[in-house]
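model.cif follows (mmCIF, C-alpha atoms):
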```cif
data_upload
#
loop_
_atom_site.group_PDB
_atom_site.id
_atom_site.type_symbol
_atom_site.label_atom_id
_atom_site.label_comp_id
_atom_site.auth_asym_id
_atom_site.auth_seq_id
_atom_site.Cartn_x
_atom_site.Cartn_y
_atom_site.Cartn_z
ATOM 1 C CA MET B 1 4.097 11.549 -25.099
ATOM 2 C CA ASN B 2 7.570 10.346 -26.077
ATOM 3 C CA ASN B 3 9.077 13.827 -25.790
ATOM 4 C CA ILE B 4 7.351 14.638 -22.507
ATOM 5 C CA ASN B 5 8.816 14.082 -19.060
ATOM 6 C CA VAL B 6 5.800 12.627 -17.254
ATOM 7 C CA PRO B 7 5.877 13.536 -13.541
ATOM 8 C CA SER B 8 5.498 10.738 -11.041
ATOM 9 C CA HIS B 9 3.400 12.884 -8.689
ATOM 10 C CA ILE B 10 1.125 15.737 -9.767
ATOM 11 C CA ALA B 11 -0.768 17.827 -7.222
ATOM 12 C CA ILE B 12 -3.570 20.202 -8.176
ATOM 13 C CA ILE B 13 -5.342 22.945 -6.243
ATOM 14 C CA MET B 14 -8.719 22.886 -7.976
ATOM 15 C CA ASP B 15 -9.816 26.503 -7.680
ATOM 16 C CA GLY B 16 -12.475 28.620 -9.355
ATOM 17 C CA ASN B 17 -15.676 26.564 -9.319
ATOM 18 C CA GLY B 18 -17.661 29.340 -7.636
ATOM 19 C CA ARG B 19 -16.375 32.109 -9.885
ATOM 20 C CA TRP B 20 -16.984 29.953 -12.969
ATOM 21 C CA ALA B 21 -20.629 29.618 -11.936
ATOM 22 C CA LYS B 22 -21.040 33.276 -10.941
ATOM 23 C CA GLU B 23 -19.802 34.520 -14.325
ATOM 24 C CA ARG B 24 -22.498 32.382 -15.937
ATOM 25 C CA GLY B 25 -25.272 33.530 -13.616
ATOM 26 C CA LEU B 26 -25.454 30.103 -11.977
ATOM 27 C CA ASN B 27 -25.434 28.930 -8.383
ATOM 28 C CA ARG B 28 -22.051 27.959 -6.944
ATOM 29 C CA THR B 29 -23.301 24.371 -6.801
ATOM 30 C CA ALA B 30 -23.348 24.283 -10.608
ATOM 31 C CA GLY B 31 -19.643 25.098 -10.591
ATOM 32 C CA HIS B 32 -18.926 22.229 -8.213
ATOM 33 C CA GLU B 33 -20.924 19.850 -10.424
ATOM 34 C CA GLU B 34 -18.940 20.909 -13.479
ATOM 35 C CA GLY B 35 -15.693 20.712 -11.506
ATOM 36 C CA ALA B 36 -16.453 17.083 -10.642
ATOM 37 C CA LYS B 37 -16.582 16.302 -14.368
ATOM 38 C CA THR B 38 -13.152 17.893 -14.782
ATOM 39 C CA VAL B 39 -11.826 15.672 -11.984
ATOM 40 C CA ARG B 40 -12.896 12.611 -13.973
ATOM 41 C CA ASN B 41 -11.382 13.867 -17.234
ATOM 42 C CA ILE B 42 -8.049 14.933 -15.766
ATOM 43 C CA THR B 43 -7.752 11.760 -13.693
ATOM 44 C CA SER B 44 -8.404 9.537 -16.720
ATOM 45 C CA TYR B 45 -5.885 11.512 -18.782
ATOM 46 C CA CYS B 46 -3.185 11.261 -16.100
ATOM 47 C CA ALA B 47 -3.807 7.522 -15.861
ATOM 48 C CA SER B 48 -3.424 7.168 -19.623
ATOM 49 C CA ILE B 49 -0.017 8.892 -19.769
ATOM 50 C CA GLY B 50 1.561 7.064 -16.832
ATOM 51 C CA VAL B 51 1.333 9.480 -13.902
ATOM 52 C CA LYS B 52 1.645 7.454 -10.687
ATOM 53 C CA TYR B 53 -0.010 9.800 -8.191
ATOM 54 C CA LEU B 54 -2.527 12.587 -8.747
ATOM 55 C CA THR B 55 -3.334 14.434 -5.530
ATOM 56 C CA LEU B 56 -6.334 16.757 -5.717
ATOM 57 C CA PHE B 57 -7.223 19.375 -3.097
ATOM 58 C CA ALA B 58 -10.954 18.685 -2.751
ATOM 59 C CA PHE B 59 -11.871 20.096 0.693
ATOM 60 C CA SER B 60 -9.629 21.947 3.128
ATOM 61 C CA THR B 61 -9.781 22.265 6.891
ATOM 62 C CA GLU B 62 -10.740 25.909 6.300
ATOM 63 C CA ASN B 63 -13.606 25.109 3.919
ATOM 64 C CA TRP B 64 -15.893 24.411 6.881
ATOM 65 C CA ASN B 65 -16.129 28.212 7.154
ATOM 66 C CA ARG B 66 -18.156 28.360 3.935
ATOM 67 C CA PRO B 67 -21.962 28.742 4.078
ATOM 68 C CA LYS B 68 -23.575 25.723 5.735
ATOM 69 C CA LEU B 69 -25.749 24.872 2.736
ATOM 70 C CA GLU B 70 -22.743 24.876 0.408
ATOM 71 C CA VAL B 71 -20.775 22.607 2.736
ATOM 72 C CA GLU B 72 -23.719 20.205 2.994
ATOM 73 C CA TYR B 73 -24.000 20.183 -0.786
ATOM 74 C CA LEU B 74 -20.286 19.457 -1.192
ATOM 75 C CA MET B 75 -20.556 16.500 1.187
ATOM 76 C CA LYS B 76 -23.478 15.049 -0.788
ATOM 77 C CA LEU B 77 -21.687 15.688 -4.092
ATOM 78 C CA LEU B 78 -18.574 13.920 -2.835
ATOM 79 C CA GLU B 79 -20.510 10.855 -1.719
ATOM 80 C CA LYS B 80 -22.403 10.721 -5.022
ATOM 81 C CA HIS B 81 -19.152 11.211 -6.944
ATOM 82 C CA LEU B 82 -17.443 8.299 -5.201
ATOM 83 C CA LYS B 83 -20.320 5.923 -5.943
ATOM 84 C CA LYS B 84 -20.445 6.983 -9.605
ATOM 85 C CA GLU B 85 -16.691 6.791 -10.123
ATOM 86 C CA ILE B 86 -16.133 3.217 -8.966
ATOM 87 C CA GLU B 87 -16.726 1.939 -12.496
ATOM 88 C CA VAL B 88 -14.353 4.561 -13.928
ATOM 89 C CA TYR B 89 -11.648 3.682 -11.399
ATOM 90 C CA LEU B 90 -11.848 -0.035 -12.147
ATOM 91 C CA LYS B 91 -12.043 0.442 -15.923
ATOM 92 C CA ASN B 92 -8.885 2.586 -15.888
ATOM 93 C CA ASN B 93 -7.014 0.546 -13.245
ATOM 94 C CA ILE B 94 -7.062 3.547 -10.873
ATOM 95 C CA LYS B 95 -6.567 3.155 -7.137
ATOM 96 C CA PHE B 96 -8.417 5.599 -4.881
ATOM 97 C CA LYS B 97 -7.002 7.009 -1.662
ATOM 98 C CA ALA B 98 -8.243 9.745 0.674
ATOM 99 C CA ILE B 99 -5.954 11.819 2.894
ATOM 100 C CA GLY B 100 -6.736 14.308 5.643
ATOM 101 C CA ASP B 101 -8.643 14.116 8.918
ATOM 102 C CA LEU B 102 -11.703 12.137 7.846
ATOM 103 C CA SER B 103 -13.141 11.852 11.362
ATOM 104 C CA ARG B 104 -15.251 15.005 10.975
ATOM 105 C CA PHE B 105 -17.259 13.580 8.074
ATOM 106 C CA SER B 106 -20.565 11.755 8.472
ATOM 107 C CA LYS B 107 -20.483 8.004 9.070
ATOM 108 C CA SER B 108 -22.110 7.509 5.669
ATOM 109 C CA LEU B 109 -19.422 9.495 3.850
ATOM 110 C CA GLN B 110 -16.643 7.792 5.795
ATOM 111 C CA LYS B 111 -18.136 4.449 4.755
ATOM 112 C CA SER B 112 -18.238 5.467 1.080
ATOM 113 C CA ILE B 113 -14.598 6.583 1.240
ATOM 114 C CA LYS B 114 -13.514 3.317 2.861
ATOM 115 C CA GLU B 115 -15.503 1.192 0.421
ATOM 116 C CA THR B 116 -14.023 3.015 -2.572
ATOM 117 C CA GLU B 117 -10.508 2.498 -1.222
ATOM 118 C CA GLU B 118 -11.196 -1.197 -0.607
ATOM 119 C CA LYS B 119 -12.766 -1.847 -4.024
ATOM 120 C CA THR B 120 -9.817 -0.274 -5.860
ATOM 121 C CA VAL B 121 -7.005 -1.536 -3.629
ATOM 122 C CA THR B 122 -5.769 -4.052 -6.204
ATOM 123 C CA CYS B 123 -5.578 -1.491 -9.038
ATOM 124 C CA THR B 124 -1.982 -0.950 -10.142
ATOM 125 C CA GLY B 125 -2.153 2.140 -12.349
ATOM 126 C CA LEU B 126 -2.586 5.725 -11.225
ATOM 127 C CA THR B 127 -3.452 6.417 -7.598
ATOM 128 C CA GLN B 128 -5.982 9.239 -7.376
ATOM 129 C CA VAL B 129 -5.602 10.933 -4.000
ATOM 130 C CA LEU B 130 -8.349 13.219 -2.724
ATOM 131 C CA ALA B 131 -7.303 15.616 0.046
ATOM 132 C CA LEU B 132 -10.414 15.851 2.238
ATOM 133 C CA ASN B 133 -10.664 17.976 5.367
ATOM 134 C CA TYR B 134 -6.971 18.428 4.690
ATOM 135 C CA GLY B 135 -4.573 21.091 5.875
ATOM 136 C CA SER B 136 -0.815 20.659 5.685
ATOM 137 C CA LYS B 137 -0.099 22.142 9.115
ATOM 138 C CA ASN B 138 -2.683 19.788 10.626
ATOM 139 C CA GLU B 139 -1.106 16.863 8.769
ATOM 140 C CA ILE B 140 2.389 17.678 10.053
ATOM 141 C CA ILE B 141 1.137 17.974 13.637
ATOM 142 C CA ARG B 142 -0.590 14.603 13.333
ATOM 143 C CA ALA B 143 2.598 13.122 11.865
ATOM 144 C CA ILE B 144 4.662 14.405 14.805
ATOM 145 C CA LYS B 145 2.188 12.813 17.205
ATOM 146 C CA LYS B 146 2.604 9.509 15.343
ATOM 147 C CA LEU B 147 6.386 9.829 15.660
ATOM 148 C CA ASN B 148 6.024 10.218 19.408
ATOM 149 C CA GLU B 149 3.575 7.330 19.689
ATOM 150 C CA LYS B 150 5.959 5.067 17.768
ATOM 151 C CA ASN B 151 8.933 6.412 19.730
ATOM 152 C CA LEU B 152 10.746 7.152 16.470
ATOM 153 C CA GLU B 153 13.728 9.452 16.093
ATOM 154 C CA ILE B 154 12.844 12.767 14.443
ATOM 155 C CA THR B 155 14.344 12.480 10.975
ATOM 156 C CA GLU B 156 13.088 13.508 7.539
ATOM 157 C CA GLU B 157 12.567 9.870 6.572
ATOM 158 C CA ASN B 158 10.613 9.014 9.733
ATOM 159 C CA LEU B 159 8.442 12.115 9.521
ATOM 160 C CA ASP B 160 7.752 11.401 5.859
ATOM 161 C CA SER B 161 6.622 7.890 6.785
ATOM 162 C CA CYS B 162 4.069 9.332 9.211
ATOM 163 C CA LEU B 163 2.497 11.798 6.763
ATOM 164 C CA ASP B 164 -0.826 11.071 5.046
ATOM 165 C CA THR B 165 1.094 10.758 1.768
ATOM 166 C CA ALA B 166 3.568 8.154 3.021
ATOM 167 C CA GLY B 167 4.816 6.131 0.067
ATOM 168 C CA PHE B 168 3.629 8.584 -2.586
ATOM 169 C CA GLY B 169 6.896 10.454 -2.947
ATOM 170 C CA ASP B 170 7.275 14.228 -3.089
ATOM 171 C CA VAL B 171 5.254 16.314 -5.513
ATOM 172 C CA ASP B 172 6.990 16.860 -8.856
ATOM 173 C CA LEU B 173 4.458 19.244 -10.386
ATOM 174 C CA LEU B 174 1.982 21.531 -8.613
ATOM 175 C CA ILE B 175 -0.801 23.232 -10.545
ATOM 176 C CA ARG B 176 -3.252 25.819 -9.238
ATOM 177 C CA THR B 177 -6.147 27.015 -11.346
ATOM 178 C CA SER B 178 -8.169 30.285 -11.323
ATOM 179 C CA GLY B 179 -5.292 32.781 -11.148
ATOM 180 C CA GLU B 180 -4.529 32.577 -7.425
ATOM 181 C CA ILE B 181 -0.805 32.348 -6.643
ATOM 182 C CA ARG B 182 -0.427 30.718 -3.240
ATOM 183 C CA LEU B 183 -0.227 27.254 -1.668
ATOM 184 C CA SER B 184 -3.125 27.675 0.767
ATOM 185 C CA ASN B 185 -1.728 25.225 3.331
ATOM 186 C CA TYR B 186 -1.524 22.426 0.766
ATOM 187 C CA LEU B 187 1.194 19.744 0.887
ATOM 188 C CA LEU B 188 3.776 22.155 2.296
ATOM 189 C CA TRP B 189 6.255 19.370 3.118
ATOM 190 C CA GLN B 190 5.698 17.456 -0.121
ATOM 191 C CA ASN B 191 5.994 20.543 -2.342
ATOM 192 C CA ALA B 192 9.529 21.371 -1.169
ATOM 193 C CA TYR B 193 10.991 20.959 -4.669
ATOM 194 C CA ALA B 194 7.877 20.898 -6.825
ATOM 195 C CA GLU B 195 7.767 22.801 -10.095
ATOM 196 C CA MET B 196 4.819 25.190 -9.802
ATOM 197 C CA PHE B 197 2.379 26.358 -12.453
ATOM 198 C CA PHE B 198 -0.435 28.863 -11.961
ATOM 199 C CA THR B 199 -3.096 29.241 -14.619
ATOM 200 C CA GLN B 200 -5.890 31.800 -15.001
ATOM 201 C CA THR B 201 -8.270 29.030 -16.105
ATOM 202 C CA TYR B 202 -11.093 28.171 -13.718
ATOM 203 C CA TRP B 203 -11.086 24.517 -12.708
ATOM 204 C CA PRO B 204 -14.294 23.583 -14.621
ATOM 205 C CA ASP B 205 -12.631 24.821 -17.834
ATOM 206 C CA PHE B 206 -9.271 23.128 -17.213
ATOM 207 C CA ASN B 207 -8.707 20.294 -19.675
ATOM 208 C CA GLU B 208 -6.268 17.752 -21.048
ATOM 209 C CA ILE B 209 -4.929 20.154 -23.678
ATOM 210 C CA GLU B 210 -3.885 22.734 -21.088
ATOM 211 C CA LEU B 211 -2.391 20.036 -18.893
ATOM 212 C CA TYR B 212 -0.387 18.748 -21.859
ATOM 213 C CA ASP B 213 0.934 22.276 -22.498
ATOM 214 C CA ILE B 214 1.978 22.492 -18.850
ATOM 215 C CA LEU B 215 3.763 19.138 -19.157
ATOM 216 C CA VAL B 216 5.651 20.452 -22.200
ATOM 217 C CA GLU B 217 6.850 23.418 -20.137
ATOM 218 C CA PHE B 218 7.591 21.147 -17.161
ATOM 219 C CA THR B 219 9.824 19.051 -19.413
ATOM 220 C CA LYS B 220 11.869 22.147 -20.307
ATOM 221 C CA ARG B 221 12.608 23.003 -16.684
ATOM 222 C CA GLU B 222 15.897 21.923 -15.157
ATOM 223 C CA ARG B 223 15.342 20.483 -11.712
ATOM 224 C CA ARG B 224 18.566 20.804 -9.727
ATOM 225 C CA PHE B 225 17.255 20.163 -6.184
ATOM 226 C CA GLY B 226 19.700 22.658 -4.724
ATOM 227 C CA GLY B 227 22.627 21.519 -6.865
ATOM 228 C CA ILE B 228 24.321 23.264 -9.755
#
```

Represent the structure of the file as structure tokens.
Amino acid sequence: MNNINVPSHIAIIMDGNGRWAKERGLNRTAGHEEGAKTVRNITSYCASIGVKYLTLFAFSTENWNRPKLEVEYLMKLLEKHLKKEIEVYLKNNIKFKAIGDLSRFSKSLQKSIKETEEKTVTCTGLTQVLALNYGSKNEIIRAIKKLNEKNLEITEENLDSCLDTAGFGDVDLLIRTSGEIRLSNYLLWQNAYAEMFFTQTYWPDFNEIELYDILVEFTKRERRFGGI
């Protein structure tokens, strides 16, 4: 990785689980199961190359509009995933953090999220961030309310400190899988100067090789941040 500019903060919109399953004649749940495996692989790879923050869009504020059975399945899968991944997090020195409005989740799921955060709090490598019941507009509104509660002046720095991602830094590299080309209300503030990549690959098929190729292209880009 000597010739690769490793981003500090990578954000991924993990899209295409349902279509991956449909093309194989499987239930959408099978796509989510396979997508969870990809989460583990990509997270471990990012940890190994020195990425500091990997923020994954796991469940949006709009995803509640999906069929009830699918939503219930996703909640169970998430809780099971967190319990299974503890060993992986600790083995790879990965800290876990959840962002979003977690209050809508069941008490059991909230407990699993909190326990995973607490058990990995001393890890010093990659921080894996799962965006859960997350929407960027909702996050910014909540941040503004925090500003008012703290009686802070409205500045970029103060607003940034009140966001769910406070301390993570802006996104350097945004990736969206499955061929869709939009942000879908994801990290709108943090993506202000992110380099964006959109791939046709469905999330369950996304792997370390494709991510490496994206990093090669990312390294070639000149990031001027509005300068010359």

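Nearest residue to Phe206 (chain B) among B:Thr127, B:Thr177, B:Ser106, B:Ser136 is B:Thr177, counting only C-alpha atoms.
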
Ground truth for the PyMOL selection byres ((chain B and resi 214) around 12), written as number ranges by chain
B: 4-7, 10, 173-177, 195-199, 206-213, 215-221

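The residue that comes closest to Val171 (chain B), out of B:Thr61, B:Thr55, B:Ser103, B:Thr29 and on the basis of only C-alpha atoms, is B:Thr55.
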
Work out how far apart CA of Thr43 (chain B) and CA of Arg223 (chain B) are and give it in Å to one decimal.
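According to the coordinates, CA of Thr43 (chain B) and CA of Arg223 (chain B) are separated by 24.8 Å.
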
What does the distance between CA of Leu163 (chain B) and CA of Ala47 (chain B) come to in Å, to one decimal place?
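Between CA of Leu163 (chain B) and CA of Ala47 (chain B) the gap works out to 23.9 Å.
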
Point out the residue among B:Ile154, B:Val88, B:Leu102, B:Ile140 with the least atom-to-atom distance to Leu188 (chain B), counting all atoms listed in the file.
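Checking each candidate against Leu188 (chain B), we get B:Ile140 as the closest.
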
Selection under test: the PyMOL selection byres ((chain B and resi 200) around 6); residues as a ChimeraX atom specification:
/B:178-179,199,201

When you look at Tyr53 (chain B) with a cut-off of 7 Å (counting only C-alpha atoms), what residues show up, excluding the ones that are within fewer than 3 positions of it in the same chain? I need them as a ChimeraX atom specification.
/B:8-10,126-128,168

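Checking B:Thr122, B:Asn158, B:Asn92, B:Gln190 one by one against Arg40 (chain B), counting only C-alpha atoms, you find the shortest gap at B:Asn92.
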
Quick one: residues within 9 Å of (-8.9, 5.5, -6.1) (file frame), counting only C-alpha atoms, please, as a VMD selection string.
chain B and resid 85 to 86 89 to 90 93 to 98 116 to 121 123 126 to 130

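Interatomic distance, CA of Gln110 (chain B) to CA of Ala21 (chain B): 28.4 Å.
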
Surrounding residues of Thr38 (chain B) excluding itself and chain neighbours under 4 positions, 8 Å, all atoms listed in the file, as an mmCIF file with C-alpha atoms, in the coordinates of the input:
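Output file around_37.cif follows:
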```
data_model
loop_
_atom_site.group_PDB
_atom_site.id
_atom_site.type_symbol
_atom_site.label_atom_id
_atom_site.label_comp_id
_atom_site.auth_asym_id
_atom_site.auth_seq_id
_atom_site.Cartn_x
_atom_site.Cartn_y
_atom_site.Cartn_z
ATOM 1 C CA GLU B 34 -18.940 20.909 -13.479
ATOM 2 C CA ILE B 42 -8.049 14.933 -15.766
ATOM 3 C CA TRP B 203 -11.086 24.517 -12.708
ATOM 4 C CA PRO B 204 -14.294 23.583 -14.621
ATOM 5 C CA ASP B 205 -12.631 24.821 -17.834
ATOM 6 C CA PHE B 206 -9.271 23.128 -17.213
ATOM 7 C CA ASN B 207 -8.707 20.294 -19.675
#
```

Give the centre and edge lengths of an axis-aligned box, in Å to one decimal, that holds all listed atoms of region 176-181 of chain B with 3 Å on each side, as AutoDock Vina command-line options.
```
--center_x -4.5 --center_y 29.3 --center_z -9.0 --size_x 13.4 --size_y 13.0 --size_z 10.7
```
